[in-house]
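Visitor: The structure under discussion is supplied below as structure tokens; questions concerning it will follow.
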Amino acid sequence: QLQASGGGLVQAGGSLRLACTASGRTFSSGTMGWFRQAPGKEREFVSAIRMRSGTTSYADSVKGRFTISRDNAKNTLYLQMNSLKPEDTAVYYCAGETGGRIILSNMWNPSAYDYWGQGTQVTVSS
């Protein structure tokens with residue numbers, strides 16, 4: 001129901017734009033987010049957005065470099081990643097929640113999300 005795309009191999013300092021398209025249900029009243037998982041590490045929060053209000057949250061490690069956005073008409077979530085660093089290398093997952101239950105302070109919590117995409121690999125070379 002969530003299909004992530006846009007990953008790839010890029011040099012440090014480069015940019016990528018990830019997209020996550022939802023099908024089968026709408027997330028326009030809920031929250032969607034991006035998480036990532038590097039080899040041997042736990043899944044970590046990257047960014048999230050309230051689909052109706054556009055309120056956003058970012059991990060400190062990506063603030064100023066990544067921008068999350070959404071297109072409710074297309075039921076699609078985006079993550080624009082600029083100034084990429086080798087430490088950004090990971091599988092990036094999109095996640096969603098439809099009921100609008102996630103409070104701002106809990107957007108970082110993967111357990112708060114009900115739906116997950118399959119992940120897209122981002123590799124940043126030094």
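Naming scheme: A, B, ... for chains in displayed order of the structure tokens; residues 1 onward per chain; ligands 1 onward as shown.
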Could you give me, as a PyMOL selection string, the residues within 12 Å of A:Ser105, counting only C-alpha atoms and dropping anything in the same chain fewer than 2 positions from it?
Guide: chain A and resi 48-49+55-59+101-103+107-109+112
Visitor: Identify, on the basis of only C-alpha atoms, every residue whose closest approach to A:Arg36 does not exceed 6 Å; exclude the query and any residue fewer than 2 positions from it along the same chain; express the result as a PyMOL selection string.
Guide: chain A and resi 43-44+90-93
Visitor: Neighbouring residues of A:Thr120 were defined as those with any atom within 12 Å, considering only C-alpha atoms; residues of the same chain fewer than 6 positions away were excluded. Please report them as a PyMOL selection string.
Guide: chain A and resi 2-9+16-20+34-38+79+89-94
Visitor: List every residue of stretch 8-111 of chain A that DSSP, applied to the backbone, labels as strand (DSSP E or B), and write the result as a tab-separated table (two decimals) with C-alpha atoms, in the first residue's frame.
Guide:
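See out_25.tsv below for the written result:
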chain	number	residue	atom	x	y	z
A	8	GLY	CA	20.19	5.27	-5.67
A	9	LEU	CA	23.91	5.86	-5.55
A	10	VAL	CA	25.12	9.45	-5.24
A	11	GLN	CA	28.36	11.17	-4.32
A	16	LEU	CA	18.19	12.67	-4.22
A	17	ARG	CA	14.42	12.91	-4.05
A	18	LEU	CA	12.47	10.04	-2.59
A	19	ALA	CA	8.80	9.49	-3.24
A	20	CYS	CA	6.26	7.32	-1.46
A	21	THR	CA	2.98	6.63	-3.19
A	22	ALA	CA	0.02	5.27	-1.30
A	31	THR	CA	0.68	11.49	9.40
A	32	MET	CA	3.35	10.14	7.12
A	33	GLY	CA	7.03	9.86	7.75
A	34	TRP	CA	10.42	8.67	6.63
A	35	PHE	CA	12.66	6.37	8.62
A	36	ARG	CA	15.98	4.81	7.71
A	37	GLN	CA	18.02	1.81	8.72
A	44	GLU	CA	15.78	5.68	13.03
A	45	PHE	CA	13.45	8.60	12.45
A	46	VAL	CA	14.24	11.00	9.63
A	47	SER	CA	11.22	13.23	9.15
A	48	ALA	CA	7.43	13.29	9.33
A	49	ILE	CA	4.56	15.50	8.23
A	50	ARG	CA	0.95	15.93	9.16
A	56	THR	CA	6.72	18.84	10.01
A	57	SER	CA	9.31	17.27	12.25
A	58	TYR	CA	12.95	16.45	11.48
A	66	PHE	CA	16.31	17.34	4.01
A	67	THR	CA	12.83	18.63	3.23
A	68	ILE	CA	9.66	16.60	3.57
A	69	SER	CA	6.58	17.48	1.56
A	70	ARG	CA	3.34	15.93	0.39
A	71	ASP	CA	0.81	16.05	-2.40
A	76	THR	CA	2.25	10.95	-2.32
A	77	LEU	CA	4.96	11.81	0.17
A	78	TYR	CA	8.35	13.21	-0.80
A	79	LEU	CA	11.75	13.62	0.80
A	80	GLN	CA	14.17	16.00	-0.86
A	81	MET	CA	17.66	15.17	0.34
A	90	ALA	CA	20.67	3.43	4.58
A	91	VAL	CA	17.47	1.83	3.44
A	92	TYR	CA	14.79	4.50	3.63
A	93	TYR	CA	11.26	3.50	4.57
A	94	CYS	CA	8.07	5.48	4.37
A	95	ALA	CA	5.40	4.98	6.98
A	96	GLY	CA	1.86	6.16	7.43
A	97	GLU	CA	-0.99	6.49	9.86
Visitor: When DSSP is applied to the backbone of this structure, which of stretch 48-87 of chain A are assigned helix (DSSP H, G or I)? Write them out as a PyMOL selection string.
Guide: chain A and resi 72-74+86-87
